[in-house]
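Quick look at entry-v1.cif (mmCIF, C-alpha atoms):
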```
data_model
loop_
_atom_site.label_atom_id
_atom_site.label_comp_id
_atom_site.auth_asym_id
_atom_site.auth_seq_id
_atom_site.Cartn_x
_atom_site.Cartn_y
_atom_site.Cartn_z
CA MET A 8 -45.72 -90.30 -48.16
CA ASN A 9 -45.43 -86.53 -48.51
CA ILE A 10 -42.18 -86.42 -46.51
CA LEU A 11 -40.70 -89.16 -48.72
CA LEU A 12 -41.37 -87.03 -51.80
CA LYS A 13 -39.66 -84.11 -50.08
CA TYR A 14 -36.52 -86.18 -49.46
CA VAL A 15 -36.52 -87.48 -53.03
CA PHE A 16 -36.83 -83.90 -54.30
CA TYR A 17 -33.88 -82.82 -52.09
CA ALA A 18 -31.80 -85.76 -53.26
CA ILE A 19 -32.45 -85.03 -56.93
CA SER A 20 -31.84 -81.31 -56.41
CA ALA A 21 -28.54 -82.05 -54.71
CA LEU A 22 -27.35 -83.90 -57.82
CA PHE A 23 -27.39 -80.66 -59.76
CA VAL A 24 -25.39 -78.63 -57.24
CA ALA A 25 -23.01 -81.25 -55.83
CA GLY A 26 -19.32 -80.73 -56.47
CA THR A 27 -16.82 -83.41 -57.32
CA ALA A 28 -15.63 -85.70 -54.54
CA HIS A 29 -12.84 -88.20 -54.93
CA ALA A 30 -13.25 -90.43 -51.88
CA VAL A 31 -16.88 -91.48 -51.97
CA CYS A 32 -19.21 -89.97 -54.51
CA PRO A 33 -21.92 -87.61 -53.20
CA VAL A 34 -24.46 -89.36 -55.42
CA CYS A 35 -23.81 -92.58 -53.52
CA THR A 36 -24.16 -90.78 -50.19
CA ILE A 37 -27.46 -89.23 -51.26
CA ALA A 38 -28.76 -92.57 -52.55
CA ILE A 39 -27.92 -94.27 -49.26
CA GLY A 40 -29.50 -91.45 -47.23
CA ALA A 41 -32.69 -91.57 -49.27
CA GLY A 42 -32.82 -95.36 -48.98
CA LEU A 43 -32.33 -95.18 -45.22
CA GLU A 44 -35.08 -92.64 -44.65
CA GLY A 45 -37.46 -94.37 -47.04
CA MET A 46 -37.03 -97.73 -45.32
CA ARG A 47 -37.51 -96.17 -41.89
CA MET A 48 -40.77 -94.55 -43.01
CA LEU A 49 -42.06 -97.85 -44.38
CA GLY A 50 -41.42 -99.71 -41.11
CA VAL A 51 -38.69 -102.00 -42.43
CA LYS A 52 -36.87 -104.22 -39.90
CA ASP A 53 -34.01 -102.61 -38.00
CA ILE A 54 -31.36 -104.90 -39.48
CA LEU A 55 -32.21 -103.77 -43.00
CA THR A 56 -32.22 -100.12 -41.98
CA GLY A 57 -28.93 -100.68 -40.16
CA ILE A 58 -27.29 -101.99 -43.33
CA TRP A 59 -27.99 -98.67 -45.03
CA ALA A 60 -27.02 -96.65 -41.95
CA GLY A 61 -23.66 -98.45 -41.85
CA GLY A 62 -23.07 -97.75 -45.52
CA LEU A 63 -24.04 -94.11 -45.09
CA THR A 64 -21.70 -93.71 -42.13
CA VAL A 65 -18.73 -95.15 -44.02
CA SER A 66 -19.59 -92.92 -46.97
CA LEU A 67 -19.68 -89.81 -44.79
CA ILE A 68 -16.40 -90.73 -43.08
CA GLY A 69 -14.74 -91.11 -46.49
CA TRP A 70 -16.29 -87.94 -47.84
CA THR A 71 -15.12 -85.90 -44.85
CA ALA A 72 -11.65 -87.48 -44.94
CA ASN A 73 -11.36 -86.51 -48.60
CA TYR A 74 -12.37 -82.94 -47.76
CA MET A 75 -9.75 -82.80 -44.99
CA LYS A 76 -7.07 -84.19 -47.31
CA LYS A 77 -7.99 -81.66 -49.99
CA HIS A 78 -7.58 -78.85 -47.45
CA GLY A 79 -4.16 -80.00 -46.25
CA VAL A 80 -4.98 -81.83 -43.02
CA LYS A 81 -2.08 -84.22 -42.42
CA ASN A 82 -2.37 -85.12 -38.74
CA PRO A 83 -3.85 -88.65 -38.48
CA ILE A 84 -5.57 -87.75 -35.21
CA TRP A 85 -8.04 -85.60 -37.16
CA TYR A 86 -8.91 -88.52 -39.42
CA ILE A 87 -9.44 -90.79 -36.42
CA LEU A 88 -11.55 -88.10 -34.75
CA ASN A 89 -13.57 -87.78 -37.98
CA ALA A 90 -14.42 -91.49 -37.91
CA LEU A 91 -15.16 -91.49 -34.18
CA ILE A 92 -17.53 -88.53 -34.47
CA TYR A 93 -19.59 -90.16 -37.23
CA ILE A 94 -19.68 -93.46 -35.34
CA ALA A 95 -20.74 -91.65 -32.16
CA LEU A 96 -23.47 -89.83 -34.07
CA LEU A 97 -24.78 -93.13 -35.38
CA GLY A 98 -24.52 -94.72 -31.93
CA SER A 99 -26.40 -91.83 -30.37
CA ILE A 100 -29.60 -93.17 -31.91
CA TYR A 101 -29.75 -95.55 -28.94
CA PHE A 102 -29.63 -92.72 -26.43
CA VAL A 103 -32.15 -90.25 -27.85
CA PRO A 104 -34.58 -89.51 -25.01
CA SER A 105 -38.09 -90.22 -26.13
CA HIS A 106 -41.26 -91.96 -25.01
CA ASN A 107 -41.11 -93.98 -28.22
CA PRO A 108 -37.41 -94.27 -29.15
CA ILE A 109 -36.44 -95.00 -32.73
CA VAL A 110 -34.27 -97.96 -31.76
CA LYS A 111 -34.63 -99.79 -28.47
CA TRP A 112 -31.40 -101.37 -27.26
CA TRP A 113 -31.74 -105.16 -27.35
CA ASP A 114 -35.46 -104.90 -28.05
CA ASN A 115 -35.05 -107.24 -30.97
CA CYS A 116 -31.92 -109.18 -31.70
CA MET A 117 -30.52 -111.55 -34.28
CA TRP A 118 -27.92 -114.15 -33.39
CA GLY A 119 -27.48 -112.49 -29.98
CA ILE A 120 -26.73 -109.03 -31.42
CA ASP A 121 -29.05 -106.05 -31.62
CA GLN A 122 -30.53 -106.01 -35.15
CA PHE A 123 -29.70 -102.37 -35.88
CA LEU A 124 -26.11 -102.78 -34.67
CA LEU A 125 -25.67 -105.98 -36.69
CA GLY A 126 -27.05 -104.21 -39.75
CA VAL A 127 -24.67 -101.28 -39.27
CA LEU A 128 -21.70 -103.64 -39.06
CA VAL A 129 -22.80 -105.60 -42.13
CA GLY A 130 -23.45 -102.40 -44.09
CA ALA A 131 -20.14 -100.79 -43.13
CA VAL A 132 -18.11 -103.89 -44.00
CA THR A 133 -20.02 -104.34 -47.28
CA PHE A 134 -19.45 -100.72 -48.27
CA ILE A 135 -15.74 -100.89 -47.48
CA LEU A 136 -15.30 -104.20 -49.35
CA MET A 137 -17.12 -102.86 -52.42
CA GLU A 138 -14.94 -99.72 -52.41
CA LEU A 139 -11.79 -101.85 -52.15
CA TRP A 140 -13.03 -104.10 -54.94
CA TYR A 141 -13.70 -101.04 -57.10
CA LEU A 142 -10.14 -99.78 -56.50
CA HIS A 143 -8.76 -103.24 -57.39
CA ILE A 144 -10.79 -103.33 -60.63
CA LYS A 145 -9.72 -99.79 -61.50
CA LYS A 146 -6.05 -100.61 -60.84
CA ASN A 147 -6.24 -103.70 -63.09
CA ASN A 148 -8.00 -101.69 -65.82
CA GLY A 149 -5.30 -99.08 -66.34
CA GLY A 150 -6.73 -96.62 -63.80
CA HIS A 151 -10.18 -96.54 -65.41
CA ALA A 152 -13.56 -97.84 -64.32
CA LEU A 153 -15.18 -100.58 -66.39
CA PHE A 154 -18.36 -98.54 -66.89
CA PRO A 155 -19.61 -95.04 -66.07
CA PHE A 156 -20.54 -94.46 -62.41
CA GLN A 157 -19.03 -97.79 -61.36
CA LYS A 158 -17.78 -96.11 -58.17
CA VAL A 159 -21.40 -95.30 -57.30
CA VAL A 160 -22.96 -98.52 -58.50
CA MET A 161 -20.70 -101.00 -56.72
CA PRO A 162 -21.29 -99.94 -53.08
CA PHE A 163 -24.98 -99.33 -53.80
CA VAL A 164 -25.45 -102.77 -55.36
CA GLY A 165 -23.47 -104.36 -52.51
CA LEU A 166 -25.85 -102.81 -49.98
CA LEU A 167 -28.85 -103.91 -52.07
CA ILE A 168 -27.56 -107.49 -52.16
CA MET A 169 -26.97 -107.57 -48.40
CA THR A 170 -30.43 -106.11 -47.85
CA GLY A 171 -31.89 -108.92 -49.97
CA VAL A 172 -29.87 -111.57 -48.14
CA PHE A 173 -30.94 -110.38 -44.70
CA TRP A 174 -34.52 -109.85 -45.81
CA ALA A 175 -34.59 -113.49 -46.89
CA ILE A 176 -33.01 -114.56 -43.59
CA ILE A 177 -35.57 -112.74 -41.43
CA LYS A 178 -38.42 -113.83 -43.69
CA TRP A 179 -37.68 -117.55 -44.12
CA LEU A 180 -35.57 -118.81 -41.20
CA PRO A 181 -38.30 -118.29 -38.59
CA THR A 182 -40.74 -120.23 -40.80
CA MET A 183 -38.31 -123.16 -40.64
CA GLY A 184 -38.31 -123.07 -36.86
CA ILE A 185 -34.88 -121.40 -36.56
CA VAL A 186 -34.89 -118.80 -33.79
CA LEU A 187 -32.92 -115.68 -34.71
CA CYS A 188 -32.32 -114.43 -31.17
#
```
Take the structure in the file and write it out as structure tokens.
Amino acid sequence: MNILLKYVFYAISALFVAGTAHAVCPVCTIAIGAGLEGMRMLGVKDILTGIWAGGLTVSLIGWTANYMKKHGVKNPIWYILNALIYIALLGSIYFVPSHNPIVKWWDNCMWGIDQFLLGVLVGAVTFILMELWYLHIKKNNGGHALFPFQKVVMPFVGLLIMTGVFWAIIKWLPTMGIVLC
């Protein structure tokens, strides 16, 4: 529990020193990172952790792309490389040499897909859809958000909803005799 408090302290401290970002808010990135680490420490299923890891990865890709745009990077290859590096970093979790690896490839699956990978895909798609929905709402509202911190709240709530949906799936479907793998 002590390490969780340390991460919460770092996350709160970062709020006071974080600059402005226009792609994906740093507060959202910090919230996703704290949620990911907290769930990992509590032994939550890989699919639920993967949802947050997917959201965090998309957030970091957007944050870095915004930084590159701000500093005049125009070559699309750098933006593609940015995305590939973050995806490779996330994928490297399967290849970390250890006697007790964090994620074991195909150790537990859901619908024929590794749970962590499925969670990452669900989280990434959810995060992107919530960002696009936010931009649509902002466009239809004269370029303004409907409420303060809407840009932060929408992806975060989307990830929370998907976490709840998949928690219910892994909790109740096996009790009904439905095999997930």
If the PyMOL selection byres ((chain A and resi 67) around 9) is run on the structure shown, which residues does it catch, given as a short mmCIF file (atom, residue, chain, number, x, y, z; two decimals) with C-alpha atoms, in the coordinates of the input?
```cif
data_model
loop_
_atom_site.label_atom_id
_atom_site.label_comp_id
_atom_site.auth_asym_id
_atom_site.auth_seq_id
_atom_site.Cartn_x
_atom_site.Cartn_y
_atom_site.Cartn_z
CA VAL A 31 -16.88 -91.48 -51.97
CA PRO A 33 -21.92 -87.61 -53.20
CA THR A 36 -24.16 -90.78 -50.19
CA GLY A 62 -23.07 -97.75 -45.52
CA LEU A 63 -24.04 -94.11 -45.09
CA THR A 64 -21.70 -93.71 -42.13
CA VAL A 65 -18.73 -95.15 -44.02
CA SER A 66 -19.59 -92.92 -46.97
CA ILE A 68 -16.40 -90.73 -43.08
CA GLY A 69 -14.74 -91.11 -46.49
CA TRP A 70 -16.29 -87.94 -47.84
CA THR A 71 -15.12 -85.90 -44.85
CA ALA A 72 -11.65 -87.48 -44.94
CA ALA A 90 -14.42 -91.49 -37.91
CA TYR A 93 -19.59 -90.16 -37.23
#
```
| request: Fewer than 3 positions away in the same chain doesn't count, so skip those; otherwise give me all residues within 10 Å of Val132 of chain A, counting only C-alpha atoms, as a PyMOL selection string. | output: chain A and resi 58+61-62+65+126-129+135-138+166
| request: Have a look at atom CA of Tyr86 of chain A and atom CA of Leu139 of chain A and let me know their distance in Å, one decimal. | output: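 Atom-to-atom, atom CA of Tyr86 of chain A and atom CA of Leu139 of chain A are spaced 18.7 Å apart.
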| said: Between atom CA of Pro162 of chain A and atom CA of Phe134 of chain A, what distance in Å does the model show, to one decimal? | reply: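 The value is 5.2 Å.
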| task | Please evaluate the PyMOL selection byres ((chain A and resi 163) around 10) against the structure above and give the resulting residues as a list in words. | result |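 In the shown coordinates, the PyMOL selection byres ((chain A and resi 163) around 10) covers Cys35, Thr36, Ala38, Ile39, Trp59, Gly62, Thr133, Phe134, Met137, Gln157, Lys158, Val159, Val160, Met161, Pro162, Val164, Gly165, Leu166, Leu167 and Ile168 of chain A.
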| request: Kindly give the distance, in Å, that separates atom CA of Gly57 of chain A and atom CA of Asp121 of chain A, rounded to a single decimal. | output: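 Going from atom CA of Gly57 of chain A over to atom CA of Asp121 of chain A, I get 10.1 Å.
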| request: Find the spatial neighbours of Gln122 of chain A, counting only C-alpha atoms, within a cut-off of 6 Å - ignore same-chain residues fewer than 4 positions away - and output them as a list of chain:residue names. | output: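 My reading of the contact set: A:Asp53, A:Ile54, A:Cys116, A:Met117.
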| field | Result set of the PyMOL selection byres ((chain A and resi 173) around 10) on the coordinates above, as a list in words | value | Lys52, Ile54, Leu55, Ile58, Gly126, Val129, Ile168, Met169, Thr170, Gly171, Val172, Trp174, Ala175, Ile176, Ile177, Lys178 and Trp179 of chain A
